Amino acid sequence: MPTRRGLAMGAGAVLCWAVGRLLGVSELYVVAVAAAVLPLCSVAMVSLGEGRVSHRRRIPGARVTAGQTIEVSLDLRNDGRLRTGMLLLEDKCPPALRPAPPARPRFLVGGIRPGSTATVTYRVTAAVRGRSGIGPLEVTTRDPFGLARRTRGYERRNELLVYPRVDDLVGTAPPGTKMGAGGRRRRLDAGTEFHTVREYRVGDDLRHVHWPSTARRQQLMVRQNEERSTTQATVLLDARGHRHTGAGEQSTFETAVSAAASVLVHMEAAGYETRLVTTSDRRPTASMPAQRHLDRLAEVTLEDDGDLRASVERLRTTEGLVVMVLAPAPPRPAEDEEVQTLLTRVRLDPKVALVCGDERSDTLTPLLEASGWRAANLSPGVSDAWARATRPPRGAVSA
């Protein structure tokens with residue numbers, strides 16, 4: 001298609017032809033013909049030089065962590081029979097993926113021979129958690145004079161799931177949550193640990209018959225096995241929209257999401273089964289690998305119907321460690337009904353609370369500590385808050 005410059009030259013050709021005819025100046029006819037032919041030649045050059053270009057975008061993986069920089073590669077292959085002209089490439093990136101300078105990933109690629117491939121690379125930084133897409137790619141062919149161009153858009157996009165930032169935490173858990181404490185033991189005939197023997201029941205696997213006990217008691221006895229004990233860590237994310245403050249990456253909600261992700265990853269690495277609960281969950285959630293939790297945290301949003309009191313009631317029968325990542329305290333926490341629920345209704349032990357907000361104005365953490373919580377403010381950072389919340393009391397001897 002002609003550019004504005006090409007259209008202006010075409011209009012100039014018509015004008016020169018009209019003036020030459022009006023004034024009888026033959027030289028203007030030559031200028032008019034040249035001005036008309038050049039844009040036409042440019043259009044033909046662009047059409048022939050575009051060729052059949054296919055592309056492939058390569059990224060390291062479909063999941064990255066906020067703050068991580070990845071390298072994107074674009075492979076362009078000329079599937080036509082003619083050499084392509086000069087190609088201008090522009091790959092679309094959302095604001096959540098910040099390209100390295102220049103601000104937009106734009107590249108100029110020289111002619112590609114038939115059957116050959118040209119590769120360009122650029123870097124982007126995953127700035128915000130969530131689901132983002134790279135692409136589509138636009139390839140523009142232009143003539144040297146800028147009189148004609150042709151843009152071809154490709155629909156292919158590569159999706160990235162950006163996890164929240166995960167900080168390295170020091171220490172495993174508060175005293176009293178060693179492996180086996182607060183754990184769950186389930187008796188299963190296919191378990192791995194011997195528990196006891198019992199009388200045979202119809203349907204039992206004969207391979208589990210315990211012959212010494214059978215001979216001693218003169219009746220069939222079978223082994224009753226059980227699984228090894230496992231310790232569970234449950235993380236409650238306070239996602240109540242009316243409690244969190246700020247917007248974007250600096251909001252207290254993003255701090256809470258990052259803290260929840262860090263605790264889940266850390267506890268799984270320590271050998272714990274992990275559960276993630278938010279203030280809008282209506283049903284108990286099952287234990288899952290930390291990566292499944294990160295998939296969920298990548299797209300979690302603020303909740304208008306979140307109810308902290310209902311969440312606390314559902315966790316009353318929870319076993320193992322409970323970590324609550326709480327929104328900033330209300331103006332008068334001692335008079336708030338939801339805060340009173342935390343102070344009086346949570347009988348779990350141990351229990352950890354990480355509170356968002358400014359440490360200087362935090363009035364919730366002292367109330368929680370006075371009620372038996374191990375609490376810390378997140379304003380210095382997740383790692384520092386976790387270290388302060390999980391350190392043994394003075395004079396305590398670690399097991």
# chains A, B, ... in the order shown; residues from 1 in each chain; ligands from 1
call {"tool": "residues_around", "arguments": {"residues": "A:Ser258", "least_positions_apart": "4", "cutoff": "9 Å", "atoms": "only C-alpha atoms", "output": "PyMOL selection string"}}
result
chain A and resi 163-167+253-254+262-263+297+382
call {"tool": "select_by_dssp", "arguments": {"residues": "stretch 20-212 of chain A", "states": "strand (DSSP E or B)", "output": "PyMOL selection string"}}
result
chain A and resi 53-58+63-65+69-78+87-91+97-99+106-109+117-126+130-134+137-142+148-153+158-163+183-184+187+193-199+209
call {"tool": "write_last_selection", "arguments": {"atoms": "C-alpha atoms", "output": "tab-separated table (two decimals), in the first residue's frame"}}
result
chain	number	residue	atom	x	y	z
A	53	VAL	CA	7.67	-15.36	5.78
A	54	SER	CA	6.81	-17.71	8.63
A	55	HIS	CA	7.92	-17.23	12.20
A	56	ARG	CA	8.40	-19.09	15.45
A	57	ARG	CA	8.71	-17.48	18.88
A	58	ARG	CA	10.82	-19.25	21.48
A	63	ARG	CA	5.85	-19.99	33.79
A	64	VAL	CA	8.10	-17.29	35.22
A	65	THR	CA	8.37	-15.41	38.50
A	69	THR	CA	14.03	-11.48	32.99
A	70	ILE	CA	13.65	-13.88	30.09
A	71	GLU	CA	15.05	-13.93	26.58
A	72	VAL	CA	12.61	-14.14	23.67
A	73	SER	CA	13.84	-15.39	20.29
A	74	LEU	CA	12.10	-14.85	16.97
A	75	ASP	CA	12.97	-17.13	14.07
A	76	LEU	CA	11.87	-15.85	10.65
A	77	ARG	CA	12.01	-18.20	7.69
A	78	ASN	CA	11.58	-17.23	4.04
A	87	LEU	CA	11.68	-6.21	7.01
A	88	LEU	CA	10.62	-4.16	10.01
A	89	LEU	CA	9.55	-6.41	12.92
A	90	GLU	CA	7.49	-5.35	15.92
A	91	ASP	CA	6.48	-7.85	18.60
A	97	LEU	CA	6.09	-7.51	30.43
A	98	ARG	CA	8.61	-4.72	30.23
A	99	PRO	CA	11.04	-5.00	27.31
A	106	ARG	CA	11.33	-3.40	17.06
A	107	PHE	CA	13.98	-4.73	14.70
A	108	LEU	CA	15.15	-4.15	11.15
A	109	VAL	CA	16.10	-7.31	9.29
A	117	THR	CA	16.17	-18.23	8.59
A	118	ALA	CA	17.00	-15.03	10.45
A	119	THR	CA	16.87	-14.85	14.23
A	120	VAL	CA	16.45	-11.83	16.51
A	121	THR	CA	16.37	-11.84	20.31
A	122	TYR	CA	15.24	-9.44	22.97
A	123	ARG	CA	14.66	-9.47	26.71
A	124	VAL	CA	11.55	-8.79	28.75
A	125	THR	CA	11.06	-8.52	32.49
A	126	ALA	CA	7.94	-9.99	34.07
A	130	GLY	CA	-0.81	-12.74	36.19
A	131	ARG	CA	-1.38	-14.20	32.76
A	132	SER	CA	0.26	-12.27	29.93
A	133	GLY	CA	0.73	-12.88	26.24
A	134	ILE	CA	3.64	-12.02	23.95
A	137	LEU	CA	4.09	-10.18	15.55
A	138	GLU	CA	3.81	-7.56	12.83
A	139	VAL	CA	6.13	-7.66	9.81
A	140	THR	CA	6.32	-4.55	7.66
A	141	THR	CA	8.02	-4.39	4.26
A	142	ARG	CA	9.03	-0.93	2.99
A	148	ALA	CA	5.03	2.08	-0.12
A	149	ARG	CA	4.74	-0.42	2.67
A	150	ARG	CA	2.87	-3.58	3.46
A	151	THR	CA	2.19	-4.87	6.97
A	152	ARG	CA	1.32	-8.44	7.75
A	153	GLY	CA	0.06	-9.43	11.18
A	158	ASN	CA	2.77	-17.13	23.49
A	159	GLU	CA	1.18	-17.05	26.92
A	160	LEU	CA	3.16	-16.62	30.11
A	161	LEU	CA	1.90	-17.26	33.62
A	162	VAL	CA	3.77	-14.91	35.94
A	163	TYR	CA	4.04	-16.16	39.51
A	183	GLY	CA	0.46	-34.52	61.58
A	184	ARG	CA	-2.05	-36.99	60.22
A	187	ARG	CA	-4.46	-46.60	58.55
A	193	GLU	CA	4.42	-48.92	58.32
A	194	PHE	CA	3.27	-51.93	60.40
A	195	HIS	CA	0.66	-50.86	62.94
A	196	THR	CA	-1.05	-53.95	64.37
A	197	VAL	CA	-2.85	-57.19	63.45
A	198	ARG	CA	-6.58	-57.79	63.33
A	199	GLU	CA	-9.00	-60.58	62.48
A	209	VAL	CA	-2.22	-62.61	56.29
call {"tool": "residues_around", "arguments": {"residues": "stretch 330-345 of chain A", "least_positions_apart": "6", "cutoff": "8 Å", "atoms": "only C-alpha atoms", "output": "list in words"}}
result
Arg243, Leu308, Arg309, Val312, Glu313, Thr363, Leu364, Leu367, Leu368 and Ser371 of chain A
call {"tool": "closest_residue", "arguments": {"among": "A:Leu22, A:Val265, A:Leu302, A:Ala370", "to": "A:Ala247", "atoms": "only C-alpha atoms"}}
result
A:Leu302
call {"tool": "decode", "arguments": {"residues": "stretch 297-310 of chain A", "atoms": "all heavy atoms", "output": "CSV table (one decimal), in the first residue's frame"}}
result
chain,number,residue,atom,x,y,z
A,297,LEU,N,-2.2,-18.5,42.8
A,297,LEU,CA,-1.8,-17.1,43.3
A,297,LEU,C,-1.5,-16.2,42.2
A,297,LEU,O,-1.6,-15.0,42.3
A,297,LEU,CB,-0.6,-17.3,44.3
A,297,LEU,CG,-0.9,-17.9,45.6
A,297,LEU,CD1,0.3,-18.1,46.4
A,297,LEU,CD2,-1.9,-17.0,46.4
A,298,ALA,N,-1.1,-16.7,41.0
A,298,ALA,CA,-0.7,-15.9,39.9
A,298,ALA,C,-1.9,-15.1,39.4
A,298,ALA,O,-1.7,-14.0,38.9
A,298,ALA,CB,-0.1,-16.7,38.8
A,299,GLU,N,-3.1,-15.6,39.6
A,299,GLU,CA,-4.3,-14.9,39.1
A,299,GLU,C,-5.3,-14.6,40.2
A,299,GLU,O,-6.4,-14.2,39.9
A,299,GLU,CB,-5.0,-15.8,38.0
A,299,GLU,CG,-4.1,-16.2,36.9
A,299,GLU,CD,-4.8,-17.0,35.8
A,299,GLU,OE1,-5.4,-16.4,34.9
A,299,GLU,OE2,-4.7,-18.3,35.9
A,300,VAL,N,-5.0,-14.7,41.4
A,300,VAL,CA,-5.9,-14.4,42.5
A,300,VAL,C,-6.2,-12.9,42.5
A,300,VAL,O,-5.3,-12.1,42.2
A,300,VAL,CB,-5.3,-14.8,43.9
A,300,VAL,CG1,-4.1,-14.0,44.3
A,300,VAL,CG2,-6.4,-14.8,44.9
A,301,THR,N,-7.4,-12.5,42.8
A,301,THR,CA,-7.8,-11.1,42.8
A,301,THR,C,-8.4,-10.8,44.2
A,301,THR,O,-8.8,-11.6,45.0
A,301,THR,CB,-8.8,-10.8,41.7
A,301,THR,OG1,-9.9,-11.6,41.8
A,301,THR,CG2,-8.1,-11.0,40.4
A,302,LEU,N,-8.6,-9.5,44.4
A,302,LEU,CA,-9.3,-9.0,45.6
A,302,LEU,C,-10.8,-9.5,45.6
A,302,LEU,O,-11.4,-9.6,44.5
A,302,LEU,CB,-9.3,-7.5,45.7
A,302,LEU,CG,-7.9,-6.9,46.1
A,302,LEU,CD1,-7.9,-5.4,46.0
A,302,LEU,CD2,-7.5,-7.3,47.5
A,303,GLU,N,-11.3,-9.8,46.8
A,303,GLU,CA,-12.6,-10.4,46.9
A,303,GLU,C,-13.6,-9.4,47.6
A,303,GLU,O,-13.2,-8.9,48.7
A,303,GLU,CB,-12.6,-11.7,47.6
A,303,GLU,CG,-11.6,-12.7,47.0
A,303,GLU,CD,-11.1,-13.7,48.0
A,303,GLU,OE1,-11.4,-13.6,49.2
A,303,GLU,OE2,-10.5,-14.7,47.5
A,304,ASP,N,-14.7,-9.2,47.0
A,304,ASP,CA,-15.7,-8.3,47.6
A,304,ASP,C,-16.5,-9.1,48.7
A,304,ASP,O,-17.1,-8.5,49.6
A,304,ASP,CB,-16.7,-7.7,46.6
A,304,ASP,CG,-15.9,-6.8,45.7
A,304,ASP,OD1,-14.9,-6.2,46.1
A,304,ASP,OD2,-16.3,-6.7,44.5
A,305,ASP,N,-16.6,-10.4,48.5
A,305,ASP,CA,-17.4,-11.2,49.5
A,305,ASP,C,-16.5,-12.0,50.5
A,305,ASP,O,-17.0,-12.9,51.1
A,305,ASP,CB,-18.2,-12.2,48.6
A,305,ASP,CG,-17.4,-13.2,47.8
A,305,ASP,OD1,-16.2,-12.9,47.6
A,305,ASP,OD2,-17.9,-14.2,47.4
A,306,GLY,N,-15.3,-11.5,50.7
A,306,GLY,CA,-14.4,-12.3,51.6
A,306,GLY,C,-14.9,-12.1,53.0
A,306,GLY,O,-15.4,-11.0,53.5
A,307,ASP,N,-14.8,-13.2,53.8
A,307,ASP,CA,-15.3,-13.2,55.2
A,307,ASP,C,-14.2,-13.9,56.0
A,307,ASP,O,-14.1,-15.1,56.0
A,307,ASP,CB,-16.6,-13.9,55.3
A,307,ASP,CG,-17.3,-13.8,56.7
A,307,ASP,OD1,-16.6,-13.4,57.6
A,307,ASP,OD2,-18.5,-14.1,56.8
A,308,LEU,N,-13.5,-13.1,56.8
A,308,LEU,CA,-12.4,-13.6,57.6
A,308,LEU,C,-13.0,-14.5,58.8
A,308,LEU,O,-12.4,-15.5,59.1
A,308,LEU,CB,-11.6,-12.5,58.2
A,308,LEU,CG,-10.4,-12.9,59.0
A,308,LEU,CD1,-9.4,-13.7,58.2
A,308,LEU,CD2,-9.7,-11.7,59.6
A,309,ARG,N,-14.1,-14.1,59.3
A,309,ARG,CA,-14.7,-14.9,60.4
A,309,ARG,C,-15.1,-16.3,60.0
A,309,ARG,O,-14.8,-17.3,60.7
A,309,ARG,CB,-15.9,-14.2,61.0
A,309,ARG,CG,-15.5,-13.0,61.9
A,309,ARG,CD,-16.7,-12.2,62.3
A,309,ARG,NE,-17.4,-11.6,61.2
A,309,ARG,CZ,-18.5,-10.9,61.3
A,309,ARG,NH1,-19.0,-10.7,62.5
A,309,ARG,NH2,-19.1,-10.4,60.2
A,310,ALA,N,-15.7,-16.4,58.8
A,310,ALA,CA,-16.1,-17.7,58.3
A,310,ALA,C,-14.8,-18.6,58.0
A,310,ALA,O,-14.8,-19.8,58.2
A,310,ALA,CB,-16.9,-17.6,57.0
